[in-house]
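run_16.txt (compact mmCIF, C-alpha atoms) appears below.
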```txt
# COMPACT_ATOMS: atom_id res chain seq x y z
CA MET Z 48 89.77 40.01 -25.56
CA THR Z 49 89.77 42.45 -22.67
CA THR Z 50 92.87 43.33 -20.67
CA THR Z 51 91.37 41.55 -17.67
CA GLU Z 52 90.82 38.38 -19.68
CA GLU Z 53 94.36 38.54 -21.06
CA SER Z 54 95.80 39.00 -17.59
CA ASP Z 55 93.63 36.13 -16.35
CA PHE Z 56 94.89 33.94 -19.21
CA ASP Z 57 98.51 34.76 -18.37
CA SER Z 58 97.90 33.80 -14.74
CA TYR Z 59 96.28 30.58 -15.85
CA VAL Z 60 99.28 29.73 -18.04
CA ARG Z 61 101.69 30.36 -15.19
CA GLY Z 62 99.62 28.25 -12.81
CA SER Z 63 98.73 25.36 -15.09
CA GLY Z 64 101.97 25.27 -17.09
CA PRO Z 65 103.92 22.84 -14.89
CA ARG Z 66 101.12 20.26 -14.61
CA LEU Z 67 100.15 20.42 -18.27
CA LYS Z 68 103.82 20.28 -19.27
CA ARG Z 69 104.01 16.89 -17.54
CA LEU Z 70 101.10 15.65 -19.61
CA ALA Z 71 102.67 17.09 -22.77
CA PHE Z 72 105.88 15.23 -21.97
CA LEU Z 73 104.04 11.92 -21.65
CA LEU Z 74 102.28 12.59 -24.95
CA THR Z 75 105.47 13.49 -26.81
CA GLY Z 76 108.29 11.71 -24.97
CA ASP Z 77 110.55 14.68 -25.49
CA LEU Z 78 110.93 17.86 -23.43
CA ASP Z 79 111.36 20.31 -26.31
CA THR Z 80 108.48 18.85 -28.29
CA ALA Z 81 106.40 18.86 -25.10
CA GLU Z 82 106.99 22.59 -24.67
CA ASP Z 83 106.11 23.13 -28.33
CA LEU Z 84 102.89 21.15 -27.90
CA LEU Z 85 101.97 23.01 -24.72
CA GLN Z 86 102.55 26.44 -26.25
CA SER Z 87 100.63 25.48 -29.40
CA ALA Z 88 97.69 24.39 -27.25
CA TYR Z 89 97.71 27.57 -25.16
CA ALA Z 90 97.95 29.68 -28.35
CA LYS Z 91 94.84 27.95 -29.67
CA VAL Z 92 93.00 28.46 -26.42
CA LEU Z 93 93.95 32.15 -26.08
CA PRO Z 94 91.42 33.54 -28.61
CA ARG Z 95 88.69 31.52 -26.90
CA TRP Z 96 89.76 32.30 -23.35
CA GLY Z 97 86.74 34.55 -22.67
CA ARG Z 98 84.58 31.44 -22.96
CA VAL Z 99 87.01 28.80 -21.68
CA ARG Z 100 87.76 30.68 -18.44
CA ARG Z 101 84.15 30.20 -17.40
CA TYR Z 102 84.42 26.43 -17.67
CA GLU Z 103 84.49 24.50 -14.45
CA ASP Z 104 87.77 22.88 -15.47
CA PRO Z 105 89.68 24.80 -18.18
CA ASP Z 106 92.42 22.15 -17.98
CA ALA Z 107 90.00 19.65 -19.53
CA TYR Z 108 89.60 21.88 -22.56
CA VAL Z 109 93.35 22.46 -22.90
CA ARG Z 110 93.95 18.72 -22.55
CA ARG Z 111 91.57 18.07 -25.39
CA VAL Z 112 93.32 20.65 -27.56
CA MET Z 113 96.69 19.09 -26.73
CA VAL Z 114 95.50 15.64 -27.74
CA SER Z 115 94.04 17.02 -30.93
CA ILE Z 116 97.24 18.88 -31.86
CA ARG Z 117 99.38 15.90 -30.98
CA THR Z 118 97.21 13.66 -33.13
CA SER Z 119 97.57 16.03 -36.04
CA TRP Z 120 101.38 16.14 -35.59
CA TRP Z 121 101.41 12.38 -35.49
CA ARG Z 122 99.78 12.20 -38.86
CA ARG Z 123 102.31 14.60 -40.28
CA VAL Z 124 105.55 13.37 -38.85
CA ARG Z 125 104.97 9.70 -38.06
CA GLY Z 126 108.05 7.83 -39.13
CA ARG Z 127 110.21 10.90 -38.71
CA GLU Z 128 110.32 10.62 -34.97
CA VAL Z 129 113.22 8.70 -33.59
CA VAL Z 130 114.02 7.46 -30.14
CA THR Z 131 116.99 9.52 -29.08
CA ALA Z 132 117.60 8.12 -25.61
CA ASP Z 133 118.94 4.61 -25.29
CA VAL Z 134 117.50 2.49 -22.56
CA LEU Z 135 119.95 2.01 -19.76
CA ALA Z 136 121.20 -1.50 -19.10
CA ARG Z 137 119.54 -2.88 -15.99
CA PRO Z 138 120.99 -5.28 -13.50
CA ALA Z 139 119.12 -8.48 -12.70
CA GLY Z 140 116.10 -8.10 -10.45
CA THR Z 141 112.37 -7.76 -10.58
CA VAL Z 142 110.55 -4.56 -11.34
CA ALA Z 143 109.21 -4.41 -7.80
CA GLU Z 144 112.69 -4.80 -6.32
CA ALA Z 145 114.04 -2.20 -8.66
CA TRP Z 146 112.04 0.48 -6.84
CA ASP Z 147 114.34 0.08 -3.88
CA ASP Z 148 117.21 1.43 -5.95
CA PRO Z 149 116.79 4.92 -7.44
CA ALA Z 150 119.12 4.08 -10.34
CA ASP Z 151 117.02 1.04 -11.22
CA ALA Z 152 113.86 3.08 -10.92
CA GLN Z 153 115.28 5.52 -13.47
CA GLY Z 154 116.06 2.57 -15.70
CA ASP Z 155 112.43 1.45 -15.51
CA LEU Z 156 111.27 4.94 -16.33
CA ASP Z 157 113.52 4.90 -19.40
CA VAL Z 158 111.88 1.65 -20.45
CA VAL Z 159 108.41 3.11 -19.93
CA LEU Z 160 109.37 6.25 -21.83
CA ARG Z 161 110.67 4.24 -24.72
CA GLY Z 162 107.57 2.04 -24.61
CA LEU Z 163 105.28 5.07 -24.67
CA ARG Z 164 107.15 6.54 -27.62
CA THR Z 165 106.71 3.40 -29.65
CA LEU Z 166 103.02 2.84 -28.86
CA PRO Z 167 100.53 3.57 -31.64
CA ARG Z 168 98.92 6.98 -31.19
CA ARG Z 169 95.57 5.90 -29.79
CA GLN Z 170 97.11 3.41 -27.37
CA GLN Z 171 99.53 5.98 -26.03
CA VAL Z 172 96.88 8.66 -25.55
CA ALA Z 173 94.45 6.18 -23.96
CA VAL Z 174 97.04 4.93 -21.47
CA VAL Z 175 98.12 8.45 -20.52
CA LEU Z 176 94.60 9.82 -20.16
CA ARG Z 177 93.31 6.82 -18.20
CA HIS Z 178 96.31 6.13 -15.97
CA TYR Z 179 98.02 9.50 -15.63
CA CYS Z 180 95.16 11.99 -15.92
CA ASP Z 181 92.91 9.48 -14.15
CA LEU Z 182 90.03 10.15 -16.55
CA SER Z 183 87.12 7.73 -16.69
CA GLU Z 184 86.58 5.65 -19.80
CA ALA Z 185 83.73 7.95 -20.80
CA GLU Z 186 85.84 11.09 -20.32
CA THR Z 187 88.74 9.56 -22.21
CA ALA Z 188 86.39 8.59 -25.03
CA ARG Z 189 85.14 12.17 -25.26
CA VAL Z 190 88.67 13.59 -25.40
CA MET Z 191 89.81 11.06 -27.99
CA GLY Z 192 86.62 11.11 -30.03
CA ILE Z 193 86.20 7.34 -29.89
CA THR Z 194 83.83 4.93 -28.16
CA THR Z 195 84.32 3.69 -24.59
CA GLY Z 196 84.82 0.24 -26.07
CA GLY Z 197 87.64 1.69 -28.15
CA VAL Z 198 89.17 3.24 -25.03
CA LYS Z 199 89.08 -0.12 -23.22
CA SER Z 200 90.66 -1.87 -26.16
CA GLN Z 201 93.35 0.75 -26.80
CA THR Z 202 94.23 1.02 -23.11
CA SER Z 203 94.47 -2.72 -22.73
CA LYS Z 204 96.72 -3.12 -25.77
CA GLY Z 205 98.90 -0.19 -24.69
CA LEU Z 206 99.36 -1.57 -21.18
CA ALA Z 207 100.17 -5.00 -22.55
CA THR Z 208 102.92 -3.48 -24.70
CA LEU Z 209 104.34 -1.52 -21.77
CA ARG Z 210 104.26 -4.61 -19.58
CA ALA Z 211 106.09 -6.57 -22.25
CA ALA Z 212 108.69 -3.80 -22.56
CA LEU Z 213 109.30 -3.84 -18.80
CA ALA Z 214 109.41 -7.63 -18.70
CA GLU Z 215 111.95 -7.69 -21.52
CA SER Z 216 114.17 -5.30 -19.63
CA VAL Z 217 114.43 -7.78 -16.76
CA PRO Z 218 116.61 -10.83 -17.42
CA ASP Z 219 115.04 -14.25 -16.86
CA GLU Z 220 117.58 -15.55 -14.35
CA GLU Z 221 117.02 -15.41 -10.61
CA PRO Z 222 117.66 -12.03 -9.04
CA THR Z 223 121.11 -11.54 -7.51
CA ARG Z 224 120.82 -10.97 -3.78
CA MET T 198 101.85 -4.30 -13.41
CA SER T 199 98.79 -3.07 -11.53
CA PRO T 200 96.94 0.15 -12.41
CA GLN T 201 98.50 1.74 -9.32
CA ASN T 202 101.98 0.79 -10.54
CA VAL T 203 101.24 2.20 -13.98
CA GLN T 204 100.04 5.43 -12.45
CA ARG T 205 103.12 5.64 -10.26
CA LEU T 206 105.46 4.98 -13.17
CA LEU T 207 103.74 7.61 -15.32
CA GLU T 208 103.76 10.17 -12.51
CA ASP T 209 107.46 9.61 -11.88
CA LEU T 210 108.18 9.80 -15.59
CA ALA T 211 106.10 12.96 -15.99
CA ALA T 212 108.06 14.59 -13.18
CA ARG T 213 111.03 14.71 -15.53
CA ALA T 214 109.23 17.60 -17.23
CA ASP T 215 109.74 19.65 -14.06
CA THR T 216 113.44 19.94 -14.90
CA HIS T 217 112.70 21.84 -18.10
CA HIS T 218 111.99 25.54 -17.68
CA PRO T 219 111.27 27.52 -20.84
CA THR T 220 112.08 31.18 -20.94
CA ASP T 221 109.09 33.46 -21.09
CA ARG T 222 106.43 30.94 -22.03
CA VAL T 223 103.63 33.50 -21.80
CA ALA T 224 105.24 35.88 -24.31
CA GLN T 225 105.91 32.98 -26.68
CA ILE T 226 102.27 31.93 -26.53
CA HIS T 227 101.06 35.43 -27.35
CA ARG T 228 103.46 35.56 -30.30
CA ARG T 229 102.18 32.20 -31.59
CA ALA T 230 98.57 33.31 -31.23
CA ARG T 231 99.27 36.53 -33.15
CA ARG T 232 101.05 34.56 -35.91
CA ALA T 233 98.10 32.13 -36.15
CA ALA T 234 95.68 35.05 -36.37
CA ALA T 235 97.76 36.53 -39.20
CA VAL T 236 97.68 33.20 -41.06
CA ARG T 237 93.90 33.03 -40.61
CA ALA T 238 93.56 36.57 -41.92
CA GLY T 239 95.69 35.58 -44.93
CA ALA T 240 93.42 32.61 -45.57
CA VAL T 241 90.35 34.84 -45.44
CA ALA T 242 92.02 37.20 -47.91
CA ALA T 243 92.71 34.25 -50.21
CA VAL T 244 89.06 33.17 -50.06
CA VAL T 245 87.97 36.72 -50.85
CA ALA T 246 90.38 36.74 -53.80
CA ILE T 247 88.91 33.48 -55.09
CA VAL T 248 85.37 34.79 -54.72
CA LEU T 249 86.34 37.92 -56.63
CA ALA T 250 88.05 35.82 -59.29
CA VAL T 251 84.90 33.73 -59.68
CA ALA T 252 82.84 36.87 -59.97
CA VAL T 253 85.12 38.27 -62.65
CA THR T 254 85.97 35.16 -64.68
CA GLY T 255 83.03 32.93 -63.92
CA VAL T 256 83.20 29.50 -62.29
CA ARG T 257 84.24 27.82 -65.51
CA GLY T 258 87.27 30.07 -65.92
CA LEU T 259 88.46 29.35 -62.40
CA LEU T 260 88.02 25.61 -62.76
CA ASP T 261 89.91 25.69 -66.05
CA ALA T 262 92.75 27.50 -64.34
CA ARG T 263 92.95 24.88 -61.59
CA GLU T 264 92.14 21.83 -63.67
CA PRO T 265 93.72 18.77 -62.02
CA THR T 266 96.28 16.89 -64.05
CA PRO T 267 95.15 13.55 -65.52
CA SER T 268 96.75 11.59 -62.69
CA ASP T 269 94.72 13.57 -60.17
CA ARG T 270 91.41 13.00 -61.81
CA SER T 271 89.29 9.89 -61.98
CA PRO T 272 85.76 9.16 -63.13
CA ALA T 273 82.65 9.52 -61.01
CA GLY T 274 83.43 12.96 -59.64
CA THR T 275 86.40 11.90 -57.57
CA PHE T 276 89.60 13.87 -57.48
CA LEU T 277 92.68 14.28 -55.35
CA ARG T 278 94.99 17.23 -55.68
CA ALA T 279 98.08 18.28 -53.75
CA GLU T 280 100.12 21.45 -53.83
CA LEU T 281 103.28 22.35 -51.98
CA ALA T 282 105.30 25.52 -51.70
CA GLU T 283 108.34 26.64 -49.79
CA ASP T 284 107.60 29.17 -47.05
CA PRO T 285 110.85 31.10 -46.40
CA ALA T 286 109.14 33.65 -44.13
CA LEU T 287 107.89 30.98 -41.77
CA ALA T 288 111.25 29.18 -41.84
CA ALA T 289 112.95 32.42 -40.83
CA ALA T 290 110.51 32.82 -37.93
CA LEU T 291 111.16 29.34 -36.55
CA PRO T 292 113.61 28.91 -33.70
CA PRO T 293 116.97 27.35 -34.60
CA SER T 294 116.80 23.59 -35.04
CA PRO T 295 118.00 21.69 -31.97
CA VAL T 296 120.05 19.48 -34.28
CA GLY T 297 121.58 22.41 -36.20
CA GLY T 298 121.49 22.94 -39.94
CA THR T 299 119.33 25.18 -42.09
CA ARG T 300 115.62 25.07 -41.39
CA VAL T 301 113.15 25.12 -44.26
CA ALA T 302 109.35 25.14 -44.15
CA VAL T 303 107.04 23.74 -46.80
CA SER T 304 103.32 24.36 -46.89
CA ILE T 305 101.17 21.50 -48.10
CA SER T 306 97.64 21.74 -49.35
CA VAL T 307 95.51 18.72 -50.18
CA ARG T 308 92.04 18.86 -51.69
CA GLY T 309 89.90 16.00 -52.83
CA ARG T 310 86.66 14.15 -53.10
CA VAL T 311 87.57 10.60 -52.26
CA PRO T 312 85.89 7.28 -51.43
CA GLN T 313 85.37 6.98 -47.69
CA LEU T 314 87.48 4.39 -45.91
CA VAL T 315 85.76 1.67 -43.91
CA ALA T 316 86.41 1.51 -40.16
CA PRO T 317 86.28 -1.69 -38.08
CA ALA T 318 82.88 -2.56 -36.62
CA GLY T 319 82.00 -0.31 -33.71
CA GLN T 320 84.47 2.40 -34.68
CA PRO T 321 83.33 5.77 -36.05
CA ALA T 322 83.62 6.29 -39.80
CA PRO T 323 86.68 8.36 -40.70
CA ALA T 324 86.12 11.96 -41.75
CA GLY T 325 88.09 14.40 -43.90
CA ARG T 326 91.81 13.74 -44.27
CA ASP T 327 91.55 10.48 -42.33
CA ASN T 328 90.25 9.06 -45.61
CA LEU T 329 93.65 9.45 -47.23
CA LEU T 330 95.81 6.36 -47.35
CA ARG T 331 98.96 8.31 -46.67
CA GLN T 332 100.51 11.78 -46.54
CA GLN T 333 104.28 11.57 -46.75
CA ILE T 334 107.19 13.76 -47.70
CA ASP T 335 110.72 12.98 -48.88
CA TRP T 336 113.23 15.77 -48.30
CA GLY T 337 115.47 14.57 -51.12
CA GLU T 338 118.58 14.09 -49.03
CA PHE T 339 119.32 10.52 -49.98
CA PRO T 340 119.66 8.58 -53.23
CA ARG T 341 116.53 6.61 -52.35
CA PRO T 342 113.37 8.29 -50.96
CA ALA T 343 113.12 8.37 -47.17
CA TRP T 344 109.38 8.91 -46.73
CA GLN T 345 108.33 10.63 -43.54
CA GLY T 346 104.85 11.35 -42.30
CA SER T 347 101.64 9.46 -41.90
CA SER T 348 101.20 6.13 -43.58
CA GLY T 349 97.53 6.17 -42.59
CA ASP T 350 95.53 4.20 -40.09
CA ASP T 351 96.14 0.50 -40.61
CA THR T 352 92.71 -0.41 -39.28
CA LEU T 353 90.91 1.45 -42.09
CA VAL T 354 90.36 -0.29 -45.44
CA CYS T 355 88.96 0.54 -48.87
CA GLY T 356 85.39 -0.64 -49.50
CA ASP T 357 83.08 -1.11 -52.44
CA GLY T 358 80.68 1.67 -53.28
CA THR T 359 81.49 3.74 -50.22
CA PRO T 360 80.29 7.36 -50.29
CA LEU T 361 82.51 10.13 -51.56
CA VAL T 362 83.74 12.52 -48.89
CA PRO T 363 85.48 15.87 -49.16
CA VAL T 364 89.11 16.15 -48.05
CA SER T 365 90.69 19.49 -47.28
CA ASP T 366 93.96 19.70 -45.40
CA ASP T 367 96.49 22.51 -45.09
CA TYR T 368 99.57 22.43 -42.96
CA VAL T 369 103.23 23.26 -42.80
CA VAL T 370 106.11 20.89 -42.21
CA ASP T 371 109.68 21.87 -41.49
CA HIS T 372 113.04 20.24 -41.85
CA ALA T 373 116.67 21.05 -41.08
CA TYR T 374 119.16 20.36 -43.85
CA GLN T 375 122.63 19.67 -42.58
CA ARG T 376 124.39 20.53 -45.85
CA PRO T 377 123.91 23.25 -48.47
CA GLY T 378 122.72 22.11 -51.87
CA THR T 379 119.72 21.75 -54.13
CA TYR T 380 117.11 19.28 -53.01
CA THR T 381 113.98 17.90 -54.62
CA VAL T 382 111.23 17.74 -52.02
CA THR T 383 108.48 15.30 -52.96
CA PHE T 384 105.08 14.92 -51.34
CA ARG T 385 102.78 11.98 -51.94
CA THR T 386 99.27 11.13 -50.91
CA ALA T 387 96.75 8.54 -52.07
CA ALA T 388 93.13 7.50 -51.78
CA CYS T 389 91.07 4.42 -52.55
CA PRO T 390 90.27 3.39 -56.16
CA PRO T 391 89.35 4.71 -58.62
CA LEU T 392 91.88 7.26 -57.33
CA SER T 393 95.54 6.40 -56.97
CA GLU T 394 98.69 8.05 -55.70
CA VAL T 395 99.33 11.75 -56.35
CA ARG T 396 102.84 13.19 -56.14
CA ARG T 397 104.06 16.76 -56.21
CA ALA T 398 107.66 17.99 -56.05
CA ILE T 399 109.45 21.30 -55.60
CA THR T 400 113.12 22.21 -55.64
CA ILE T 401 114.66 23.82 -52.61
CA THR T 402 118.07 25.45 -52.58
CA VAL T 403 119.89 25.58 -49.27
CA LYS T 404 122.61 28.21 -49.31
CA PRO T 405 125.93 27.74 -47.51
```
Could you rewrite the structure in this file as structure tokens?
Amino acid sequence: MTTTEESDFDSYVRGSGPRLKRLAFLLTGDLDTAEDLLQSAYAKVLPRWGRVRRYEDPDAYVRRVMVSIRTSWWRRVRGREVVTADVLARPAGTVAEAWDDPADAQGDLDVVLRGLRTLPRRQQVAVVLRHYCDLSEAETARVMGITTGGVKSQTSKGLATLRAALAESVPDEEPTR
Amino acid sequence: MSPQNVQRLLEDLAARADTHHPTDRVAQIHRRARRAAAVRAGAVAAVVAIVLAVAVTGVRGLLDAREPTPSDRSPAGTFLRAELAEDPALAAALPPSPVGGTRVAVSISVRGRVPQLVAPAGQPAPAGRDNLLRQQIDWGEFPRPAWQGSSGDDTLVCGDGTPLVPVSDDYVVDHAYQRPGTYTVTFRTAACPPLSEVRRAITITVKP
């Protein structure tokens, strides 16, 4: 790799780091593991940077590497991962109303985070790629190495689980006004 | 929960990552890449050593030296073999564990020729290590095994007369022991019949 390419790679890391770190966090549910995932992905991309830098969207390649690494970690450590943050107790109210109160909104995010952590691998990746990265079903299928039908199915199941988690966090009684 | 709501929730959740600023990410990435390159070079050297060994001793001699134990070997050309070894150099290079304790690293190597698992209709057939039923490790900290790792993909099942596929997987796992002592670390993996479970164990001493 030439000095120019290395310098270009370093600039790319500085520029793309924050946005890809957010994706890594959604894929791992933990800030330290997210940083580990992100650095692992960049380290894999570095030797190929001469080619990757010419891509129209290098982020797409890094995203694919991140998903691949995360999948491989999953296989190795599944069952070892534990949820370390307890979900905050929420007052009565609907999810929509909760957005009016920043504390409630944080509570919902805790529920979503916990839900994401507990989703099976493919469901979690499908939900994040489709609804956070805004990839099409075809693009998501390419990144995940599955069919578009598989993406639809995994996304649907993942969303259903997240919905159920959010619904469970809201008590059944009428909201207090 | 509409797609817009999901997107909004995920974006707000992802923003939590903005509060976490690593020190010198770029330098860390270069270090990782150099370490990976060194590992790859070591692997190439190992392959060269094997090729030389074959040239000197002949294929038969090498196979004799690495003959699987009876539990690894089944009829019809199938086999499943696992090896594990402590990697003190890598453990020393790892950052301190966020939960404290003494970090150890164990390299795991799995080789096999196993019956291919059957995927649900419409799903791609599994390849390589995805054809293993599990890959799990017990760090030997408790009276009863506490298996950690992959228990396999629940949607994949064993079939009759499925083709044999090669499996080759090498990786490193790490763990932080909270107390000094001598621990038996056990790894287990398994494949469809006629193969069964294969276990390997090593002893690790954690100094005070």
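With only C-alpha atoms as the atoms that count, the residue of T:Trp344, T:Val301, T:Ala289, T:Ser294 with the shortest distance to chain Z is T:Trp344.
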(request) Pull out every residue of chain T sitting within 10 Å of chain Z, counting all atoms listed in the file, and send them as an MDAnalysis selection string. (result) chainID T and resid 198:219 221:234 295 319:321 326:327 331:334 343:350 368:371
(message) Set the distance at 8 Å and use only C-alpha atoms: which residues neighbour Val190 of chain Z once local chain neighbours fewer than 2 positions away are removed? I'd like the list as a list of chain:residue names.
(response) Z:Arg110, Z:Arg111, Z:Val114, Z:Glu186, Z:Thr187, Z:Ala188, Z:Gly192
(request) Between T:Pro360, T:Pro317, T:Gly337, T:Pro312, single out the one closest to Cys389 of chain T, counting all atoms listed in the file. (result) T:Pro312
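Between Leu176 of chain Z and the residues Z:Thr80, Z:Thr49, Z:Thr202, Z:Thr118, the shortest atom-to-atom distance, using only C-alpha atoms, involves Z:Thr202.
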(message) Counting all atoms listed in the file, I want the residues whose atoms come within 9 Å of (117.8, 20.2, -55.8) in the file frame, returned as a list in words.
(response) Gly337, Gly378, Thr379, Tyr380, Thr381, Val382, Ile399, Thr400, Ile401, Thr402 and Val403 of chain T
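With all atoms listed in the file taken into account, every residue lying no more than 7 Å from the file point (101.3, 9.6, -50.9) is included here: Arg331, Gln332, Gln333, Phe384, Arg385, Thr386, Ala387, Glu394, Val395 and Arg396 of chain T.
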(message) Could you tell me how far atom CA of Phe339 of chain T sits from atom CA of Arg376 of chain T, in Å to one decimal place?
(response) 12.0 Å
(request) Find the spatial neighbours of Gly297 of chain T, counting only C-alpha atoms, within a cut-off of 9 Å - ignore same-chain residues fewer than 5 positions away - and output them as a ChimeraX atom specification. (result) /T:373-375
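Using all atoms listed in the file for every distance, the candidate list T:Pro391, T:Pro377, T:Thr352, T:Glu280 yields T:Pro377 as the residue closest to Pro405 of chain T.
Here atom CA of Pro363 of chain T and atom CA of Pro390 of chain T stand 15.1 Å from one another.
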